[in-house]
$ cat work02.txt   # compact mmCIF, C-alpha atoms
# COMPACT_ATOMS: atom_id res chain seq x y z
CA MET Z 1 112.88 -71.95 3.73
CA LYS Z 2 115.54 -69.47 4.81
CA ILE Z 3 116.49 -68.06 8.18
CA LEU Z 4 117.98 -64.60 8.00
CA GLY Z 5 119.76 -63.38 11.09
CA LYS Z 6 122.63 -63.95 13.44
CA GLY Z 7 122.29 -66.28 16.40
CA ILE Z 8 123.95 -65.93 19.78
CA LYS Z 9 126.85 -68.37 20.11
CA ASN Z 10 126.48 -70.61 23.16
CA GLY Z 11 123.09 -69.13 23.95
CA TRP Z 12 119.88 -71.08 24.53
CA LEU Z 13 117.11 -70.76 21.95
CA ILE Z 14 113.62 -70.78 23.49
CA ALA Z 15 111.01 -71.73 20.90
CA GLY Z 16 107.37 -70.94 21.57
CA LEU Z 17 105.11 -71.44 18.59
CA PRO Z 18 101.30 -71.30 18.55
CA ASP Z 19 100.07 -74.66 19.79
CA ALA Z 20 97.79 -76.09 22.51
CA GLY Z 21 96.40 -73.20 24.58
CA LEU Z 22 98.91 -70.91 22.82
CA VAL Z 23 101.15 -71.75 25.77
CA GLY Z 24 104.43 -71.34 23.87
CA ALA Z 25 103.31 -68.23 22.00
CA ILE Z 26 102.01 -66.46 25.13
CA ALA Z 27 105.06 -67.47 27.20
CA THR Z 28 107.58 -66.27 24.60
CA ALA Z 29 105.68 -63.02 23.97
CA HIS Z 30 105.88 -62.36 27.71
CA ILE Z 31 109.60 -63.16 27.88
CA ILE Z 32 110.33 -60.89 24.89
CA ARG Z 33 108.40 -58.05 26.54
CA MET Z 34 109.82 -58.47 30.05
CA LEU Z 35 113.43 -58.85 28.91
CA ASN Z 36 113.02 -56.10 26.33
CA MET Z 37 114.51 -58.33 23.66
CA GLU Z 38 115.39 -57.14 20.19
CA ALA Z 39 114.66 -58.85 16.87
CA ILE Z 40 117.75 -60.66 15.56
CA GLY Z 41 116.31 -62.60 12.63
CA HIS Z 42 113.30 -64.00 10.85
CA ILE Z 43 112.10 -66.93 8.77
CA GLU Z 44 111.32 -66.60 5.08
CA SER Z 45 109.25 -69.27 3.41
CA ASP Z 46 106.71 -69.60 0.63
CA LEU Z 47 104.85 -71.97 2.94
CA LEU Z 48 104.03 -69.16 5.37
CA PRO Z 49 100.74 -67.30 4.88
CA PRO Z 50 101.20 -64.44 2.40
CA LEU Z 51 101.19 -61.68 4.99
CA ILE Z 52 103.25 -59.11 6.82
CA VAL Z 53 102.68 -57.86 10.35
CA VAL Z 54 102.49 -54.14 11.00
CA HIS Z 55 103.31 -52.82 14.49
CA ASN Z 56 103.46 -49.06 15.11
CA SER Z 57 103.59 -48.43 11.35
CA LYS Z 58 106.59 -50.74 10.90
CA VAL Z 59 106.51 -53.89 8.81
CA TYR Z 60 107.66 -57.19 10.29
CA ASP Z 61 107.83 -60.84 9.33
CA PRO Z 62 105.41 -63.05 11.27
CA VAL Z 63 107.99 -65.59 12.48
CA ARG Z 64 110.93 -63.90 14.17
CA PHE Z 65 113.92 -64.51 16.41
CA PHE Z 66 114.65 -62.20 19.34
CA GLY Z 67 117.78 -62.03 21.44
CA LYS Z 68 119.36 -60.55 24.53
CA ASN Z 69 122.54 -61.55 26.39
CA ASP Z 70 122.75 -65.33 26.04
CA ILE Z 71 119.05 -65.98 25.36
CA MET Z 72 117.23 -66.17 22.03
CA VAL Z 73 113.52 -66.58 21.47
CA LEU Z 74 111.67 -67.90 18.42
CA SER Z 75 108.15 -66.52 18.26
CA SER Z 76 105.39 -66.65 15.66
CA GLU Z 77 102.35 -64.45 15.18
CA VAL Z 78 100.77 -66.99 12.83
CA PRO Z 79 99.92 -70.66 13.30
CA ILE Z 80 102.40 -73.16 11.95
CA GLY Z 81 100.26 -75.23 9.61
CA SER Z 82 100.92 -78.85 8.74
CA PRO Z 83 102.95 -78.18 5.54
CA LEU Z 84 105.29 -75.92 7.54
CA VAL Z 85 106.00 -78.21 10.46
CA TYR Z 86 108.80 -80.31 8.97
CA PRO Z 87 110.63 -77.64 6.93
CA LEU Z 88 110.45 -75.18 9.83
CA GLY Z 89 111.64 -77.71 12.39
CA ARG Z 90 114.58 -78.72 10.20
CA ALA Z 91 115.51 -75.15 9.25
CA VAL Z 92 115.45 -73.87 12.84
CA VAL Z 93 117.61 -76.73 14.13
CA GLU Z 94 120.02 -76.44 11.19
CA TRP Z 95 120.35 -72.69 11.77
CA ALA Z 96 120.81 -73.15 15.51
CA ALA Z 97 123.56 -75.74 14.95
CA GLU Z 98 125.35 -73.56 12.39
CA GLU Z 99 125.20 -70.52 14.69
CA GLY Z 100 126.72 -72.47 17.56
CA VAL Z 101 123.63 -72.28 19.75
CA LYS Z 102 123.95 -74.20 23.03
CA GLY Z 103 120.60 -75.92 22.63
CA ILE Z 104 116.86 -75.51 22.05
CA ILE Z 105 114.17 -75.34 24.71
CA ALA Z 106 110.72 -75.69 23.17
CA ILE Z 107 107.67 -74.63 25.17
CA THR Z 108 104.29 -76.14 24.51
CA GLY Z 109 100.98 -76.94 26.13
CA ILE Z 110 99.89 -80.48 26.88
CA ALA Z 111 96.11 -80.49 26.76
CA VAL Z 112 94.36 -82.08 29.73
CA SER Z 113 90.61 -82.64 29.75
CA ASN Z 114 90.24 -81.56 33.41
CA ARG Z 115 92.17 -78.29 32.99
CA LEU Z 116 89.21 -76.33 34.39
CA ASP Z 117 89.64 -78.11 37.73
CA ILE Z 118 93.38 -77.43 37.93
CA GLU Z 119 94.38 -74.28 39.83
CA VAL Z 120 98.11 -74.36 39.07
CA PRO Z 121 99.05 -76.42 35.99
CA GLU Z 122 101.85 -78.96 36.33
CA VAL Z 123 104.88 -78.60 34.11
CA TYR Z 124 106.74 -81.56 32.65
CA GLY Z 125 109.98 -81.82 30.77
CA ILE Z 126 111.42 -84.04 28.06
CA SER Z 127 115.15 -84.03 27.44
CA SER Z 128 117.08 -85.28 24.45
CA SER Z 129 120.04 -86.56 26.47
CA SER Z 130 121.31 -87.22 30.00
CA GLU Z 131 123.35 -84.01 29.76
CA VAL Z 132 120.26 -81.83 29.53
CA ARG Z 133 118.19 -84.07 31.79
CA GLU Z 134 120.31 -82.73 34.64
CA ILE Z 135 119.01 -79.23 33.95
CA LEU Z 136 115.45 -80.50 34.41
CA GLU Z 137 116.38 -82.39 37.57
CA LYS Z 138 118.12 -79.38 39.11
CA ALA Z 139 115.05 -77.28 38.38
CA ASN Z 140 112.78 -79.93 39.96
CA ILE Z 141 110.78 -80.30 36.77
CA LYS Z 142 108.88 -83.58 36.53
CA VAL Z 143 109.79 -85.83 33.65
CA PHE Z 144 107.14 -86.49 31.00
CA GLU Z 145 107.33 -90.24 30.99
CA GLU Z 146 105.07 -91.51 28.25
CA GLY Z 147 102.81 -90.27 25.51
CA PHE Z 148 102.67 -88.62 22.11
CA VAL Z 149 103.72 -85.04 21.45
CA VAL Z 150 102.50 -83.61 18.16
CA GLY Z 151 103.52 -80.45 16.35
CA PRO Z 152 106.47 -78.24 15.45
CA THR Z 153 108.11 -78.60 18.88
CA ALA Z 154 108.12 -82.39 18.44
CA ILE Z 155 109.82 -82.12 15.05
CA MET Z 156 112.37 -79.67 16.42
CA MET Z 157 113.28 -82.07 19.20
CA ARG Z 158 113.60 -84.97 16.77
CA GLU Z 159 115.88 -82.91 14.51
CA CYS Z 160 117.96 -81.86 17.51
CA MET Z 161 118.44 -85.49 18.49
CA LYS Z 162 119.53 -86.35 14.93
CA ARG Z 163 122.13 -83.59 15.02
CA GLY Z 164 123.22 -84.13 18.61
CA LEU Z 165 122.06 -80.65 19.61
CA PRO Z 166 120.87 -80.55 23.24
CA SER Z 167 117.14 -79.97 23.47
CA VAL Z 168 114.49 -79.80 26.13
CA MET Z 169 110.74 -79.64 25.79
CA ILE Z 170 108.70 -77.92 28.48
CA LEU Z 171 105.06 -79.00 28.55
CA ALA Z 172 102.53 -77.20 30.73
CA GLN Z 173 99.09 -78.69 31.38
CA SER Z 174 96.68 -76.53 29.41
CA PHE Z 175 93.44 -76.15 27.53
CA LEU Z 176 93.68 -77.36 23.95
CA GLU Z 177 91.53 -74.81 22.13
CA TYR Z 178 91.36 -71.87 24.55
CA PRO Z 179 94.28 -69.50 25.19
CA ASP Z 180 95.84 -70.43 28.51
CA PRO Z 181 97.98 -67.65 30.06
CA GLY Z 182 97.95 -69.53 33.40
CA ALA Z 183 99.71 -72.49 31.77
CA ALA Z 184 102.10 -70.12 29.96
CA ALA Z 185 102.99 -68.53 33.31
CA GLN Z 186 103.91 -71.93 34.78
CA ALA Z 187 106.08 -72.66 31.72
CA VAL Z 188 107.91 -69.35 32.33
CA VAL Z 189 108.35 -70.28 36.01
CA ALA Z 190 109.99 -73.52 34.88
CA LEU Z 191 112.28 -71.61 32.49
CA ASN Z 192 113.19 -69.21 35.30
CA LYS Z 193 114.37 -72.18 37.34
CA MET Z 194 116.25 -73.74 34.44
CA LEU Z 195 117.99 -70.66 33.09
CA ALA Z 196 117.79 -68.17 35.98
CA LEU Z 197 115.86 -65.80 33.72
CA ASN Z 198 114.09 -63.94 36.54
CA VAL Z 199 111.10 -63.12 34.37
CA ASP Z 200 108.25 -61.89 36.58
CA VAL Z 201 105.05 -63.81 35.78
CA LYS Z 202 102.77 -61.57 37.85
CA PRO Z 203 102.02 -59.21 34.93
CA LEU Z 204 101.14 -62.24 32.80
CA LEU Z 205 98.74 -63.57 35.43
CA ASP Z 206 97.29 -60.10 36.07
CA GLU Z 207 96.62 -59.66 32.36
CA ALA Z 208 95.45 -63.22 31.77
CA GLU Z 209 91.85 -62.32 30.96
CA ILE Z 210 92.72 -59.55 28.52
CA ILE Z 211 95.27 -61.86 26.83
CA ARG Z 212 92.47 -64.41 26.40
CA VAL Z 213 90.37 -61.74 24.69
CA ARG Z 214 93.17 -60.56 22.41
CA THR Z 215 94.41 -63.98 21.29
CA ARG Z 216 91.05 -65.38 20.16
CA GLU Z 217 91.79 -65.10 16.44
CA LEU Z 218 95.23 -66.70 16.71
CA MET Z 219 93.73 -69.49 18.82
CA ARG Z 220 90.96 -70.08 16.28
CA ARG Z 221 93.42 -70.47 13.41
CA THR Z 222 95.83 -72.51 15.55
CA THR Z 223 92.99 -74.90 16.45
CA GLU Z 224 92.45 -75.59 12.76
CA ALA Z 225 96.20 -76.13 12.23
CA MET Z 226 96.27 -78.54 15.18
CA ARG Z 227 93.35 -80.52 13.74
CA GLN Z 228 95.19 -80.88 10.46
CA MET Z 229 98.28 -82.24 12.18
CA LYS Z 230 96.21 -84.65 14.31
CA LYS Z 231 97.06 -83.03 17.63
CA ALA Z 232 94.46 -85.31 19.22
CA HIS Z 233 97.08 -88.09 19.12
CA GLU Z 234 98.34 -86.61 22.37
CA TYR Z 235 95.31 -88.07 24.13
CA GLU Z 236 96.41 -91.56 23.09
CA VAL Z 237 98.76 -94.07 24.67
CA PRO Z 238 101.72 -95.22 22.58
CA LEU Z 239 102.06 -98.93 21.77
CA MET Z 240 105.78 -99.27 22.58
CA TYR Z 241 106.86 -98.41 26.07
CA THR Z 242 110.31 -99.83 26.58
CA MET A 1 98.03 -110.61 21.01
CA PHE A 2 96.09 -108.44 18.57
CA ARG A 3 92.34 -108.67 18.28
CA ARG A 4 90.59 -107.93 15.01
CA LYS A 5 88.02 -105.19 15.28
CA GLY A 6 84.44 -106.31 14.99
CA LEU A 7 82.20 -104.96 12.25
CA PHE A 8 80.18 -102.94 14.74
CA GLU A 9 83.35 -101.47 16.31
CA SER A 10 84.74 -100.44 12.91
CA PHE A 11 81.39 -98.97 11.88
CA SER A 12 81.15 -97.01 15.16
CA GLU A 13 84.66 -95.64 14.69
CA MET A 14 83.83 -94.65 11.11
CA MET A 15 80.64 -92.91 12.22
CA GLU A 16 82.51 -91.12 15.01
CA GLU A 17 85.12 -89.85 12.52
CA LEU A 18 82.38 -88.75 10.14
CA ARG A 19 80.53 -86.95 12.95
CA GLU A 20 83.72 -85.16 14.03
CA GLU A 21 84.40 -84.11 10.45
CA VAL A 22 80.84 -82.78 10.03
CA GLU A 23 81.21 -80.82 13.30
CA ARG A 24 84.57 -79.49 12.18
CA LEU A 25 83.29 -78.43 8.75
CA SER A 26 80.16 -76.82 10.22
CA SER A 27 82.22 -74.83 12.69
CA LEU A 28 84.62 -73.82 9.92
CA LEU A 29 81.82 -72.66 7.65
CA GLU A 30 80.44 -70.59 10.47
CA ASP A 31 83.66 -69.28 11.88
CA LEU A 32 87.10 -69.47 10.33
CA ASP A 33 87.00 -66.51 8.00
CA SER A 34 84.41 -64.37 9.72
CA PRO A 35 85.62 -61.46 11.86
CA MET A 36 85.46 -62.07 15.60
CA TRP A 37 84.31 -58.55 16.34
CA ASP A 38 81.44 -56.29 15.39
CA PRO A 39 82.37 -52.59 15.72
CA VAL A 40 78.77 -51.47 15.16
CA GLU A 41 77.28 -53.54 17.97
CA CYS A 42 80.52 -53.17 20.04
CA CYS A 43 80.61 -56.92 20.62
CA LEU A 44 83.17 -59.69 20.28
CA THR A 45 82.70 -63.30 19.25
CA PRO A 46 84.00 -65.67 21.93
CA LEU A 47 85.83 -68.91 21.22
CA SER A 48 83.52 -71.85 21.61
CA LYS A 49 83.29 -75.57 21.05
CA ILE A 50 80.34 -77.92 20.56
CA ARG A 51 80.56 -81.59 21.46
CA ASP A 52 77.98 -84.17 20.56
CA LEU A 53 77.79 -86.50 23.56
CA GLY A 54 75.22 -88.79 21.99
CA GLY A 55 72.07 -87.89 23.89
CA GLU A 56 73.04 -84.27 24.49
CA TYR A 57 75.18 -81.42 23.28
CA GLU A 58 77.88 -79.84 25.42
CA VAL A 59 78.93 -76.31 24.51
CA THR A 60 81.90 -74.54 26.08
CA VAL A 61 82.40 -70.82 25.57
CA ASP A 62 85.46 -68.84 26.68
CA LEU A 63 84.20 -65.66 28.35
CA PRO A 64 87.13 -63.80 29.92
CA LEU A 65 86.43 -60.48 31.68
CA VAL A 66 82.84 -61.55 32.29
CA ASN A 67 80.90 -61.74 35.57
CA GLU A 68 78.57 -64.70 35.85
CA GLY A 69 75.60 -62.45 36.63
CA SER A 70 75.79 -60.73 33.25
CA ILE A 71 75.53 -63.91 31.18
CA LYS A 72 72.29 -64.57 29.31
CA VAL A 73 71.84 -67.98 27.73
CA TYR A 74 68.67 -69.00 25.92
CA VAL A 75 67.40 -71.34 23.25
CA GLU A 76 65.58 -69.88 20.26
CA GLY A 77 63.16 -72.23 18.51
CA ASN A 78 64.49 -75.69 19.19
CA ASP A 79 67.93 -75.64 17.60
CA VAL A 80 69.57 -72.25 18.20
CA LEU A 81 71.56 -71.33 21.31
CA LYS A 82 72.16 -67.65 21.99
CA ILE A 83 74.71 -66.32 24.44
CA ASP A 84 75.13 -62.69 25.44
CA ALA A 85 77.54 -61.57 28.16
CA GLU A 86 78.63 -58.14 29.26
CA MET A 87 82.31 -57.59 30.03
CA LYS A 88 83.23 -56.01 33.36
CA GLU A 89 85.49 -53.56 31.57
CA ARG A 90 85.56 -52.24 28.05
CA VAL A 91 88.25 -53.68 25.83
CA SER A 92 89.91 -51.29 23.48
CA PHE A 93 91.74 -52.27 20.31
CA LYS A 94 93.98 -49.64 18.81
CA ARG A 95 94.13 -49.56 15.01
CA LEU A 96 91.94 -52.65 14.80
CA GLY A 97 92.69 -54.53 11.56
CA VAL A 98 90.97 -53.06 8.54
CA VAL A 99 89.22 -50.42 10.65
CA GLN A 100 92.49 -48.66 11.62
CA GLY A 101 90.85 -46.74 14.40
CA VAL A 102 90.37 -47.28 18.12
CA ARG A 103 87.40 -49.50 18.81
CA GLU A 104 85.94 -50.41 22.19
CA PHE A 105 84.02 -53.56 22.93
CA LYS A 106 81.78 -54.23 25.89
CA ARG A 107 80.14 -57.62 25.36
CA PHE A 108 80.45 -61.10 23.91
CA ARG A 109 77.77 -62.52 21.66
CA LYS A 110 77.52 -65.94 20.14
CA THR A 111 74.84 -67.81 18.20
CA ILE A 112 75.17 -71.56 17.77
CA ARG A 113 72.93 -73.67 15.57
CA PHE A 114 72.74 -77.33 16.55
CA PRO A 115 72.60 -79.98 13.82
CA GLU A 116 69.61 -81.58 15.60
CA PRO A 117 66.73 -80.13 17.66
CA VAL A 118 67.26 -79.81 21.42
CA ASP A 119 64.94 -79.70 24.41
CA PRO A 120 65.07 -76.06 25.68
CA ALA A 121 63.76 -77.17 29.10
CA SER A 122 66.89 -79.28 29.61
CA LEU A 123 69.21 -76.24 29.54
CA ARG A 124 71.90 -76.44 32.24
CA ILE A 125 74.74 -73.96 32.62
CA GLU A 126 77.88 -73.72 34.73
CA PHE A 127 80.45 -70.91 34.80
CA LYS A 128 83.94 -71.44 36.15
CA ARG A 129 87.07 -69.30 35.74
CA GLY A 130 85.64 -67.49 32.75
CA LEU A 131 84.53 -70.61 30.93
CA LEU A 132 80.83 -71.21 30.33
CA LEU A 133 79.59 -74.78 30.07
CA VAL A 134 76.15 -75.35 28.53
CA LYS A 135 74.42 -78.71 28.30
CA LEU A 136 71.26 -79.43 26.31
CA ARG A 137 69.51 -82.74 25.74
CA LYS A 138 68.57 -83.65 22.19
CA ALA A 139 64.81 -83.49 21.59

$ encode --input "work02.txt" --output "structure tokens"
Amino acid sequence: MKILGKGIKNGWLIAGLPDAGLVGAIATAHIIRMLNMEAIGHIESDLLPPLIVVHNSKVYDPVRFFGKNDIMVLSSEVPIGSPLVYPLGRAVVEWAAEEGVKGIIAITGIAVSNRLDIEVPEVYGISSSSEVREILEKANIKVFEEGFVVGPTAIMMRECMKRGLPSVMILAQSFLEYPDPGAAAQAVVALNKMLALNVDVKPLLDEAEIIRVRTRELMRRTTEAMRQMKKAHEYEVPLMYT
Amino acid sequence: MFRRKGLFESFSEMMEELREEVERLSSLLEDLDSPMWDPVECCLTPLSKIRDLGGEYEVTVDLPLVNEGSIKVYVEGNDVLKIDAEMKERVSFKRLGVVQGVREFKRFRKTIRFPEPVDPASLRIEFKRGLLLVKLRKA
């Protein structure tokens, strides 16, 4: 696995990969659009599906990095299947460390069975160290206290901790297998508070229904990827709690 | 203190895993590689999920851009659920995949075959925030 591209020194990398409710993918797509970010790199790997993405007659890689000012975004237009999770997590963190990135903020959905009854999803945060915990506290983001987190964001955080790279995970209550722009909007609100991004979430909420229509295929394939990596573990309670 | 699982408990867990795998494989066979749109009928396939709750099936179907009044749900025979819903606005896809032309869609359609017969008279539906919930007792 190779990452081609130049990172932004001392910038935060926001990672939003297809996962529960496509929360990370929808949130990062919205941030890229609203901040008018430009592509700064991409991931090359034989483990990715053998495809290219064509937008306006131009060919792109499916997993790309975008950047503007001191913010970078990692976004994928394909699900990250089980065989990709570890190599991708390691490669992204290694690249971020080598490029002098300040830290990684991973956005994901945390599936809740009563999501249909929740008007505004809660957002929780996990931090890798006390240094970054302060960022969550200042932004009034509740701490995710106990549970399993499964998927590429989990591996990224683990790799960050191994390398001493600051990392934060933002988890928004979401559907598991249905695209959830409402949860993505709350994740962006949390990021706004943490990084003073000033990304307007109104367009995301206004377009929520059409986004749900347009992301059906990605959600379907992501659901299968999540099953393979036993995403359902997140519904379970861990044994150790000290 | 750990408690060893009883034979019945282990068997139940095994059956539950087997049932989930059968559901997963059936939904894959039906869905994963089939297109989620039909340009001839101008309809889209919604995301859906079937859960076997023991005595009944629970089906959820994601129907964004749909008004409750336009949803038709009915059981055909005793094991096929059909859902048809008109969207309140047409959805246009530019250069849609292999078609490479603008296509407009105006409704969702979904057919679900249950592994076991159901009682059509037990049909109950609920629609909330664009998500349809269907419950049917097993016959």

$ interface_residues --input "work02.txt" --of "chain A" --to "chain Z" --cutoff "9 Å" --atoms "all atoms listed in the file" --output "number ranges by chain"
A: 24, 28, 31-32, 35-36, 44-49, 62-65, 91, 93, 128-131

$ residues_around --input "work02.txt" --residues "A:Val75" --least-positions-apart "4" --cutoff "9 Å" --atoms "only C-alpha atoms" --output "ChimeraX atom specification"
/A:79-83,118-120,123

$ closest_residue --input "work02.txt" --among "Z:Lys193, Z:Arg90, Z:Lys202, Z:Arg33" --to "Z:Ala154" --atoms "only C-alpha atoms"
Z:Arg90

$ residues_near_point --input "work02.txt" --point "(103.3, -62.5, 37.4)" --cutoff "10 Å" --atoms "only C-alpha atoms" --output "list of chain:residue names"
Z:Gly182, Z:Ala185, Z:Gln186, Z:Val188, Z:Val189, Z:Val199, Z:Asp200, Z:Val201, Z:Lys202, Z:Pro203, Z:Leu204, Z:Leu205, Z:Asp206, Z:Glu207, Z:Ala208

$ atom_distance --input "work02.txt" --atom1 "atom CA of Z:Val53" --atom2 "atom CA of A:Trp37"
19.3 Å

$ residues_around --input "work02.txt" --residues "A:Glu86" --least-positions-apart "2" --cutoff "8 Å" --atoms "all atoms listed in the file" --output "ChimeraX atom specification"
/A:66-67,70-71,84,88,106-108

$ atom_distance --input "work02.txt" --atom1 "atom CA of A:Val73" --atom2 "atom CA of A:Glu16"
28.5 Å

$ closest_residue --input "work02.txt" --among "Z:Ile126, Z:Ala91, Z:Ala196, Z:Cys160" --to "Z:Glu145" --atoms "all atoms listed in the file"
Z:Ile126

$ atom_distance --input "work02.txt" --atom1 "atom CA of Z:Asn192" --atom2 "atom CA of Z:Ala27"
11.6 Å

$ residues_around --input "work02.txt" --residues "Z:Gly11" --least-positions-apart "2" --cutoff "9 Å" --atoms "only C-alpha atoms" --output "ChimeraX atom specification"
/Z:7-9,13,69-72,100-103

$ decode --input "work02.txt" --residues "stretch 18-31 of chain Z" --atoms "N, CA and C atoms" --output "PDB file, in the first residue's frame"
ATOM      1  N   PRO Z  18     -16.321   5.081   4.657  1.00  0.00           N
ATOM      2  CA  PRO Z  18     -17.667   4.473   4.707  1.00  0.00           C
ATOM      3  C   PRO Z  18     -17.791   3.473   5.853  1.00  0.00           C
ATOM      4  N   ASP Z  19     -18.783   3.673   6.674  1.00  0.00           N
ATOM      5  CA  ASP Z  19     -18.936   2.896   7.901  1.00  0.00           C
ATOM      6  C   ASP Z  19     -20.409   2.985   8.297  1.00  0.00           C
ATOM      7  N   ALA Z  20     -20.717   2.791   9.567  1.00  0.00           N
ATOM      8  CA  ALA Z  20     -22.116   2.807  10.024  1.00  0.00           C
ATOM      9  C   ALA Z  20     -22.824   4.076   9.563  1.00  0.00           C
ATOM     10  N   GLY Z  21     -23.938   3.906   8.861  1.00  0.00           N
ATOM     11  CA  GLY Z  21     -24.736   5.045   8.396  1.00  0.00           C
ATOM     12  C   GLY Z  21     -24.004   5.960   7.429  1.00  0.00           C
ATOM     13  N   LEU Z  22     -22.852   5.533   6.965  1.00  0.00           N
ATOM     14  CA  LEU Z  22     -21.981   6.354   6.084  1.00  0.00           C
ATOM     15  C   LEU Z  22     -21.694   7.718   6.710  1.00  0.00           C
ATOM     16  N   VAL Z  23     -21.702   7.756   8.039  1.00  0.00           N
ATOM     17  CA  VAL Z  23     -21.564   9.034   8.743  1.00  0.00           C
ATOM     18  C   VAL Z  23     -20.269   9.750   8.349  1.00  0.00           C
ATOM     19  N   GLY Z  24     -19.148   9.020   8.418  1.00  0.00           N
ATOM     20  CA  GLY Z  24     -17.863   9.640   8.092  1.00  0.00           C
ATOM     21  C   GLY Z  24     -17.787  10.050   6.632  1.00  0.00           C
ATOM     22  N   ALA Z  25     -18.275   9.184   5.756  1.00  0.00           N
ATOM     23  CA  ALA Z  25     -18.197   9.464   4.310  1.00  0.00           C
ATOM     24  C   ALA Z  25     -19.051  10.682   3.941  1.00  0.00           C
ATOM     25  N   ILE Z  26     -20.262  10.746   4.490  1.00  0.00           N
ATOM     26  CA  ILE Z  26     -21.161  11.872   4.167  1.00  0.00           C
ATOM     27  C   ILE Z  26     -20.603  13.167   4.772  1.00  0.00           C
ATOM     28  N   ALA Z  27     -20.117  13.077   6.014  1.00  0.00           N
ATOM     29  CA  ALA Z  27     -19.587  14.281   6.680  1.00  0.00           C
ATOM     30  C   ALA Z  27     -18.379  14.828   5.918  1.00  0.00           C
ATOM     31  N   THR Z  28     -17.448  13.950   5.537  1.00  0.00           N
ATOM     32  CA  THR Z  28     -16.241  14.445   4.858  1.00  0.00           C
ATOM     33  C   THR Z  28     -16.573  14.947   3.447  1.00  0.00           C
ATOM     34  N   ALA Z  29     -17.507  14.302   2.770  1.00  0.00           N
ATOM     35  CA  ALA Z  29     -17.901  14.789   1.436  1.00  0.00           C
ATOM     36  C   ALA Z  29     -18.459  16.207   1.555  1.00  0.00           C
ATOM     37  N   HIS Z  30     -19.224  16.440   2.630  1.00  0.00           N
ATOM     38  CA  HIS Z  30     -19.806  17.773   2.837  1.00  0.00           C
ATOM     39  C   HIS Z  30     -18.715  18.805   3.152  1.00  0.00           C
ATOM     40  N   ILE Z  31     -17.764  18.415   3.982  1.00  0.00           N
ATOM     41  CA  ILE Z  31     -16.671  19.344   4.343  1.00  0.00           C
ATOM     42  C   ILE Z  31     -15.854  19.696   3.095  1.00  0.00           C
TER      43      ILE Z  31
END
